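J.: coords18.cif is reproduced below (mmCIF, C-alpha atoms).
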data_run
loop_
_atom_site.label_atom_id
_atom_site.label_comp_id
_atom_site.auth_asym_id
_atom_site.auth_seq_id
_atom_site.Cartn_x
_atom_site.Cartn_y
_atom_site.Cartn_z
CA MET A 14 177.52 -201.07 120.35
CA ASN A 15 180.92 -200.27 121.88
CA PHE A 16 182.59 -197.03 122.96
CA ILE A 17 184.41 -196.35 119.67
CA GLU A 18 181.30 -197.03 117.57
CA SER A 19 179.32 -194.62 119.73
CA VAL A 20 181.94 -191.89 119.32
CA LEU A 21 182.01 -192.37 115.55
CA LEU A 22 178.23 -192.17 115.35
CA GLY A 23 178.28 -189.08 117.57
CA ILE A 24 180.84 -187.30 115.39
CA LEU A 25 178.89 -188.17 112.26
CA GLN A 26 175.66 -186.93 113.83
CA GLY A 27 177.26 -183.66 114.92
CA ILE A 28 178.80 -182.97 111.51
CA THR A 29 175.72 -183.84 109.49
CA GLU A 30 173.00 -182.44 111.79
CA PHE A 31 173.60 -178.84 110.78
CA LEU A 32 175.12 -179.32 107.37
CA PRO A 33 172.27 -179.81 104.87
CA VAL A 34 173.12 -183.43 104.05
CA SER A 35 170.73 -185.38 106.37
CA SER A 36 172.11 -186.67 109.65
CA SER A 37 169.49 -189.44 109.83
CA GLY A 38 170.46 -190.75 106.40
CA HIS A 39 174.15 -190.78 107.32
CA LEU A 40 173.48 -192.53 110.62
CA ILE A 41 171.53 -195.28 108.86
CA LEU A 42 174.37 -195.79 106.36
CA LEU A 43 177.08 -195.88 109.03
CA GLU A 44 175.05 -198.21 111.23
CA HIS A 45 174.73 -200.55 108.24
CA LEU A 46 178.47 -200.38 107.40
CA MET A 47 179.38 -201.04 111.04
CA GLY A 48 177.01 -203.99 111.21
CA LEU A 49 174.85 -202.47 113.94
CA LYS A 50 171.60 -204.31 113.32
CA GLU A 51 169.51 -203.14 116.25
CA VAL A 52 170.36 -199.54 117.10
CA PRO A 53 167.19 -198.19 118.77
CA MET A 54 165.70 -195.01 117.37
CA ILE A 55 165.99 -193.45 120.83
CA TYR A 56 169.79 -193.59 120.52
CA ASP A 57 169.69 -191.59 117.29
CA ILE A 58 167.38 -189.09 118.99
CA ILE A 59 169.72 -188.70 121.98
CA LEU A 60 172.48 -187.79 119.55
CA HIS A 61 170.07 -185.20 118.16
CA VAL A 62 169.59 -183.90 121.71
CA ALA A 63 173.37 -183.40 121.88
CA SER A 64 173.10 -181.31 118.73
CA LEU A 65 170.17 -179.48 120.31
CA SER A 66 172.45 -178.55 123.21
CA ALA A 67 174.82 -177.00 120.68
CA VAL A 68 171.91 -174.96 119.27
CA LEU A 69 171.02 -173.72 122.75
CA PHE A 70 174.61 -172.62 123.26
CA PHE A 71 175.08 -171.05 119.83
CA PHE A 72 171.80 -169.08 119.88
CA ARG A 73 171.77 -168.45 123.63
CA LYS A 74 171.27 -164.68 123.21
CA LYS A 75 168.21 -165.12 120.99
CA ILE A 76 166.78 -167.79 123.28
CA LEU A 77 167.31 -165.61 126.35
CA SER A 78 165.64 -162.69 124.59
CA LEU A 79 162.60 -164.81 123.74
CA ALA A 80 162.42 -166.14 127.30
CA LYS A 81 162.48 -162.63 128.75
CA SER A 82 159.83 -161.44 126.30
CA VAL A 83 157.27 -163.79 127.83
CA PHE A 84 157.02 -161.39 130.77
CA ASP A 85 157.21 -158.22 128.68
CA MET A 86 153.86 -157.20 127.21
CA ASN A 87 155.56 -154.72 124.89
CA ALA A 88 157.79 -157.28 123.17
CA ARG A 89 155.29 -157.94 120.39
CA ASN A 90 157.87 -158.95 117.79
CA ASP A 91 159.26 -161.65 120.07
CA HIS A 92 155.74 -162.81 120.90
CA LYS A 93 155.02 -163.19 117.18
CA TYR A 94 158.27 -165.09 116.71
CA ILE A 95 157.31 -167.55 119.46
CA LEU A 96 153.83 -167.92 117.95
CA PHE A 97 155.31 -168.67 114.54
CA LEU A 98 157.59 -171.34 116.04
CA ILE A 99 154.48 -172.93 117.56
CA VAL A 100 152.66 -172.78 114.21
CA SER A 101 155.58 -174.38 112.34
CA THR A 102 155.95 -177.07 114.99
CA THR A 103 152.23 -177.87 114.89
CA VAL A 104 152.31 -178.31 111.12
CA THR A 105 155.32 -180.60 111.43
CA GLY A 106 153.72 -182.55 114.28
CA VAL A 107 150.62 -183.29 112.25
CA MET A 108 152.74 -184.50 109.34
CA VAL A 109 154.89 -186.69 111.59
CA PHE A 110 151.82 -188.30 113.13
CA ALA A 111 150.44 -189.05 109.68
CA THR A 112 153.67 -190.38 108.18
CA LYS A 113 155.28 -192.26 111.09
CA PRO A 114 154.37 -195.72 109.66
CA LEU A 115 156.08 -194.73 106.40
CA ILE A 116 159.16 -193.53 108.28
CA LEU A 117 159.51 -196.87 110.06
CA ILE A 118 159.18 -198.71 106.75
CA LEU A 119 161.87 -196.55 105.15
CA ARG A 120 164.23 -197.14 108.07
CA GLU A 121 163.91 -200.88 107.38
CA ARG A 122 164.54 -200.37 103.65
CA PRO A 123 167.64 -198.15 103.41
CA GLN A 124 167.64 -198.45 99.61
CA PHE A 125 165.00 -195.70 99.63
CA LEU A 126 167.66 -193.38 101.04
CA ALA A 127 168.89 -192.72 97.51
CA VAL A 128 165.56 -191.16 96.55
CA CYS A 129 165.49 -189.05 99.71
CA PHE A 130 169.05 -187.85 99.13
CA VAL A 131 168.04 -186.74 95.63
CA ILE A 132 165.13 -184.80 97.14
CA THR A 133 167.57 -183.03 99.45
CA ALA A 134 169.84 -182.16 96.54
CA ALA A 135 166.91 -180.75 94.53
CA VAL A 136 165.84 -178.57 97.46
CA LEU A 137 169.40 -177.26 97.93
CA ILE A 138 169.82 -176.46 94.24
CA THR A 139 166.54 -174.54 94.28
CA ALA A 140 167.64 -172.63 97.38
CA GLN A 141 170.97 -171.77 95.76
CA PHE A 142 169.19 -169.80 93.05
CA LEU A 143 167.19 -167.90 95.67
CA MET A 144 169.93 -167.08 98.18
CA LYS A 145 170.78 -163.64 96.80
CA LYS A 146 167.12 -162.62 96.54
CA GLY A 147 166.53 -162.55 100.28
CA ASP A 148 165.36 -159.33 101.91
CA ALA A 149 167.37 -158.54 105.06
CA ALA A 150 164.60 -156.23 106.29
CA ARG A 151 161.84 -158.81 105.87
CA GLU A 152 160.49 -160.39 109.05
CA ILE A 153 158.97 -163.86 109.31
CA SER A 154 155.22 -164.00 108.70
CA PHE A 155 152.44 -166.47 109.48
CA ARG A 156 152.58 -167.85 105.93
CA ASP A 157 156.33 -168.31 106.25
CA ALA A 158 155.78 -170.30 109.45
CA LEU A 159 153.28 -172.59 107.72
CA PHE A 160 155.56 -173.09 104.72
CA ILE A 161 158.69 -173.80 106.75
CA GLY A 162 156.78 -176.13 109.08
CA PHE A 163 155.55 -178.09 106.06
CA PHE A 164 159.09 -178.51 104.74
CA GLN A 165 160.29 -179.63 108.16
CA GLY A 166 157.52 -182.23 108.08
CA ILE A 167 158.86 -183.60 104.80
CA ALA A 168 162.32 -183.77 106.36
CA VAL A 169 161.26 -186.45 108.86
CA LEU A 170 161.94 -188.89 106.01
CA PRO A 171 165.43 -190.40 106.51
CA GLY A 172 167.76 -188.93 103.91
CA VAL A 173 165.89 -185.62 103.63
CA SER A 174 167.85 -182.93 105.47
CA ARG A 175 165.90 -181.04 108.14
CA SER A 176 168.28 -178.09 108.13
CA GLY A 177 168.50 -178.05 104.35
CA SER A 178 164.72 -178.21 103.97
CA THR A 179 163.85 -175.53 106.51
CA ILE A 180 166.62 -173.14 105.49
CA SER A 181 165.70 -173.59 101.83
CA ALA A 182 162.03 -173.01 102.66
CA GLY A 183 162.96 -169.74 104.35
CA LEU A 184 165.00 -168.69 101.33
CA MET A 185 162.09 -169.60 99.04
CA ARG A 186 160.00 -167.19 101.10
CA LYS A 187 162.67 -164.52 100.42
CA LEU A 188 164.03 -164.39 103.97
CA SER A 189 167.69 -163.44 104.31
CA GLY A 190 170.20 -166.24 104.77
CA ASP A 191 170.90 -165.29 108.40
CA LYS A 192 167.21 -165.19 109.32
CA ALA A 193 166.51 -168.47 107.53
CA VAL A 194 169.35 -170.18 109.43
CA GLU A 195 168.31 -168.72 112.78
CA TYR A 196 164.66 -169.71 112.36
CA SER A 197 165.62 -173.18 111.14
CA PHE A 198 167.62 -173.95 114.24
CA MET A 199 165.27 -172.25 116.68
CA LEU A 200 162.64 -174.52 115.15
CA SER A 201 164.87 -177.54 115.76
CA ILE A 202 164.46 -177.09 119.54
CA PRO A 203 160.79 -178.15 119.79
CA ALA A 204 161.25 -180.65 116.94
CA ILE A 205 164.04 -182.57 118.68
CA LEU A 206 162.42 -182.34 122.11
CA GLY A 207 159.15 -183.64 120.67
CA ALA A 208 160.88 -186.59 119.02
CA PHE A 209 162.71 -187.37 122.26
CA VAL A 210 159.47 -187.43 124.26
CA MET A 211 157.70 -189.63 121.68
CA GLU A 212 160.45 -192.22 121.45
CA SER A 213 161.59 -192.29 125.09
CA GLY A 214 158.18 -193.61 126.13
CA ASP A 215 158.92 -197.09 124.80
CA GLY A 216 161.56 -197.76 127.46
CA ALA A 217 164.31 -198.41 124.91
CA LEU A 218 166.64 -195.97 126.67
CA GLY A 219 167.33 -198.46 129.47
CA ASN A 220 168.93 -200.91 127.00
CA ILE A 221 171.87 -198.59 126.22
CA ASP A 222 175.05 -198.58 128.31
CA THR A 223 175.41 -195.20 130.04
CA ALA A 224 179.12 -194.76 129.28
CA VAL A 225 178.61 -195.59 125.60
CA LEU A 226 175.69 -193.20 125.42
CA ALA A 227 177.66 -190.39 127.12
CA ALA A 228 180.57 -190.84 124.71
CA GLY A 229 178.27 -190.44 121.71
CA PHE A 230 176.53 -187.46 123.28
CA ILE A 231 179.78 -185.54 123.93
CA ALA A 232 181.17 -186.32 120.48
CA ALA A 233 177.93 -185.16 118.84
CA PHE A 234 177.85 -181.93 120.88
CA LEU A 235 181.40 -180.87 119.97
CA ALA A 236 181.03 -181.81 116.32
CA SER A 237 177.70 -179.96 116.17
CA LEU A 238 179.24 -176.69 117.31
CA LEU A 239 181.86 -176.88 114.58
CA SER A 240 179.42 -177.80 111.82
CA LEU A 241 176.96 -175.08 112.84
CA LYS A 242 179.66 -172.43 112.57
CA PHE A 243 180.68 -173.82 109.19
CA LEU A 244 177.12 -173.77 107.87
CA VAL A 245 176.63 -170.13 108.89
CA PHE A 246 179.88 -169.35 107.05
CA MET A 247 178.72 -171.16 103.90
CA ILE A 248 175.30 -169.46 103.94
CA ARG A 249 176.96 -166.05 104.17
CA LYS A 250 179.14 -167.05 101.22
CA THR A 251 175.92 -168.09 99.40
CA ALA A 252 177.34 -171.54 98.66
CA LEU A 253 174.97 -174.51 98.80
CA TYR A 254 176.11 -176.22 95.61
CA PRO A 255 178.90 -178.22 97.32
CA PHE A 256 176.34 -179.82 99.63
CA ALA A 257 173.99 -180.62 96.72
CA ILE A 258 176.79 -182.25 94.74
CA TYR A 259 177.86 -184.29 97.76
CA VAL A 260 174.32 -185.53 98.43
CA LEU A 261 173.83 -186.50 94.78
CA ALA A 262 177.09 -188.47 94.88
CA LEU A 263 175.93 -190.16 98.06
CA ALA A 264 172.60 -191.06 96.44
CA ALA A 265 174.49 -192.72 93.58
CA ALA A 266 176.61 -194.66 96.10
CA VAL A 267 173.73 -195.97 98.24
CA PRO A 268 172.98 -199.04 96.05
CA PHE A 269 176.62 -200.12 96.34
CA ILE A 270 176.81 -199.43 100.09
CA MET A 271 173.55 -201.17 100.95
#
Write the structure described by the file as structure tokens, please.

T.:
Amino acid sequence: MNFIESVLLGILQGITEFLPVSSSGHLILLEHLMGLKEVPMIYDIILHVASLSAVLFFFRKKILSLAKSVFDMNARNDHKYILFLIVSTTVTGVMVFATKPLILILRERPQFLAVCFVITAAVLITAQFLMKKGDAAREISFRDALFIGFFQGIAVLPGVSRSGSTISAGLMRKLSGDKAVEYSFMLSIPAILGAFVMESGDGALGNIDTAVLAAGFIAAFLASLLSLKFLVFMIRKTALYPFAIYVLALAAAVPFIM
């Protein structure tokens, strides 16, 4: 992998990480088109860490509030929020552990991406019908945490959007669009960190040139900030159909690309 390829992959990761179109699916397609036969999974995860950095920056006020609440015994709502993040992450972790062999098989058979893209489109279309039914006053509950964690677990399949699945799950539970987006990306913090820890243990990181890696990281970070702002805008406009149509078109194109 050279410098330009790394930047292109970083930009693609940043754009697709927060838009509900599956960053992992797009990375697999681009890696195939560029003839990159042996891109280690740890590289994809480091690009996700760049996107995670964008989340930390974008939601810095919420994160700081949660951090401060740890030492405030009266901040019960924040304590519940942290507990729910742990619950959702635990559900996802169990699902990842159980399905990791399947994930590796799917990564080696990109033709299955078409099916996963269709799943993403179906989830987005369902969420579109529910967007205006959200209750702005409704707070996240334990059942919501379980439900959203389950959908995030499904999204470990390449081609199934993590952001699309978790935001849609929140909307299905009648959360407001803003709260569904916020919870989705707060939940991405432990999810991405967990994936990084799991995959960095195989030593694959040392096989990547530092300059090439840094170029991809910076490109992914900047693109992530822009796409996150755009997604928030689209959610507030209650418009998920464009993403569903795009993903369906991509699913139809996969057999020709692969």

J.: Rank nothing, just name the residue among A:Pro255, A:Gly207, A:Gly166, A:Gly183 nearest to Thr112 in chain A, using only C-alpha atoms.

T.: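 Using only C-alpha atoms, the shortest distance to Thr112 in chain A belongs to A:Gly166.
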
J.: So which one's closest to Leu159 in chain A, A:Phe209, A:Phe97, A:Phe130, A:Phe71? Using all atoms listed in the file, please.

T.: A:Phe97

J.: Could you spell out the hits of the PyMOL selection byres ((chain A and resi 199) around 9) on the shown file, as a VMD selection string?

T.: chain A and resid 68 to 69 72 75 to 76 98 194 to 198 200 to 203

J.: Rounded to one decimal in Å, what is the spacing between CA of Lys187 in chain A and CA of Thr105 in chain A?

T.: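 CA of Thr105 in chain A lies at a distance of 20.8 Å from CA of Lys187 in chain A.
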
J.: Quick check on the file I pasted: which residues fall under the PyMOL selection byres ((chain A and resi 235-242) around 7)? Write them as a list in words.

T.: Ile24, Gly27, Ile28, Glu30, Phe31, Leu32, Ser64, Ala67, Ile231, Ala232, Ala233, Phe234, Phe243, Leu244, Val245 and Phe246 of chain A

J.: Point out the residue among A:Leu226, A:Ala182, A:Met144, A:Ala135 with the least atom-to-atom distance to Met247 in chain A, counting only C-alpha atoms.

T.: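 Looking only at the distances to Met247 in chain A, the closest residue turns out to be A:Met144.
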
J.: Closest to Gly177 in chain A among A:Ile153, A:Leu137, A:Val128, A:Ile270, using only C-alpha atoms?

T.: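 Using only C-alpha atoms, the shortest distance to Gly177 in chain A belongs to A:Leu137.
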
J.: I need the output of the PyMOL selection byres ((chain A and resi 253) around 8) for this file as a VMD selection string; which residues are they?

T.: chain A and resid 137 to 138 140 to 141 247 to 248 251 to 252 254 to 257

J.: Output C-alpha atoms of each residue in that selection to a file, as a compact mmCIF listing (two decimals), in the frame of the given file.

T.:
# COMPACT_ATOMS: atom_id res chain seq x y z
CA LEU A 137 169.40 -177.26 97.93
CA ILE A 138 169.82 -176.46 94.24
CA ALA A 140 167.64 -172.63 97.38
CA GLN A 141 170.97 -171.77 95.76
CA MET A 247 178.72 -171.16 103.90
CA ILE A 248 175.30 -169.46 103.94
CA THR A 251 175.92 -168.09 99.40
CA ALA A 252 177.34 -171.54 98.66
CA TYR A 254 176.11 -176.22 95.61
CA PRO A 255 178.90 -178.22 97.32
CA PHE A 256 176.34 -179.82 99.63
CA ALA A 257 173.99 -180.62 96.72

J.: Env of Leu143 in chain A: 9 Å cut, atoms = all atoms listed in the file, seq-sep filter 4 positions within chain, self excluded. Answer as an NGL selection string.

T.: :A and (139 or 147 or 181 or 184-185 or 187)

J.: Can you tell me, as a PyMOL selection string, what residues are no more than 8 Å from range 33-47 of chain A when counting all atoms listed in the file, ignoring any on the same chain fewer than 4 positions away?

T.: chain A and resi 18+22+25-29+52+57+120+123+126+130+133+137+171-178+256-257+259-260+270-271

J.: Dump C-alpha atoms for the selected residues as a PDB file, in the frame of the given file?

T.:
ATOM      1  CA  GLU A  18     181.300-197.030 117.570  1.00  0.00           C
ATOM      2  CA  LEU A  22     178.230-192.170 115.350  1.00  0.00           C
ATOM      3  CA  LEU A  25     178.890-188.170 112.260  1.00  0.00           C
ATOM      4  CA  GLN A  26     175.660-186.930 113.830  1.00  0.00           C
ATOM      5  CA  GLY A  27     177.260-183.660 114.920  1.00  0.00           C
ATOM      6  CA  ILE A  28     178.800-182.970 111.510  1.00  0.00           C
ATOM      7  CA  THR A  29     175.720-183.840 109.490  1.00  0.00           C
ATOM      8  CA  VAL A  52     170.360-199.540 117.100  1.00  0.00           C
ATOM      9  CA  ASP A  57     169.690-191.590 117.290  1.00  0.00           C
ATOM     10  CA  ARG A 120     164.230-197.140 108.070  1.00  0.00           C
ATOM     11  CA  PRO A 123     167.640-198.150 103.410  1.00  0.00           C
ATOM     12  CA  LEU A 126     167.660-193.380 101.040  1.00  0.00           C
ATOM     13  CA  PHE A 130     169.050-187.850  99.130  1.00  0.00           C
ATOM     14  CA  THR A 133     167.570-183.030  99.450  1.00  0.00           C
ATOM     15  CA  LEU A 137     169.400-177.260  97.930  1.00  0.00           C
ATOM     16  CA  PRO A 171     165.430-190.400 106.510  1.00  0.00           C
ATOM     17  CA  GLY A 172     167.760-188.930 103.910  1.00  0.00           C
ATOM     18  CA  VAL A 173     165.890-185.620 103.630  1.00  0.00           C
ATOM     19  CA  SER A 174     167.850-182.930 105.470  1.00  0.00           C
ATOM     20  CA  ARG A 175     165.900-181.040 108.140  1.00  0.00           C
ATOM     21  CA  SER A 176     168.280-178.090 108.130  1.00  0.00           C
ATOM     22  CA  GLY A 177     168.500-178.050 104.350  1.00  0.00           C
ATOM     23  CA  SER A 178     164.720-178.210 103.970  1.00  0.00           C
ATOM     24  CA  PHE A 256     176.340-179.820  99.630  1.00  0.00           C
ATOM     25  CA  ALA A 257     173.990-180.620  96.720  1.00  0.00           C
ATOM     26  CA  TYR A 259     177.860-184.290  97.760  1.00  0.00           C
ATOM     27  CA  VAL A 260     174.320-185.530  98.430  1.00  0.00           C
ATOM     28  CA  ILE A 270     176.810-199.430 100.090  1.00  0.00           C
ATOM     29  CA  MET A 271     173.550-201.170 100.950  1.00  0.00           C
TER      30      MET A 271
END

J.: Which one of A:Leu65, A:Phe84, A:Leu170, A:Ile99 sits closest to Leu117 in chain A if you count all atoms listed in the file?

T.: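 Ranked by minimum distance to Leu117 in chain A, first place goes to A:Leu170.
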
J.: May I have the residues within 8 Å of Ile59 in chain A as a list in words, using only C-alpha atoms and disregarding those fewer than 3 positions away in the same chain?

T.: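 Listed by chain and then number, they are Ile55, Tyr56, Val62, Ala63, Phe209 and Phe230 of chain A.
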
J.: Which is closest to Ala262 in chain A among A:Leu115, A:Leu96, A:Ala158, A:Ala127, if we use all atoms listed in the file?

T.: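 Among the listed residues, the smallest separation from Ala262 in chain A belongs to A:Ala127.
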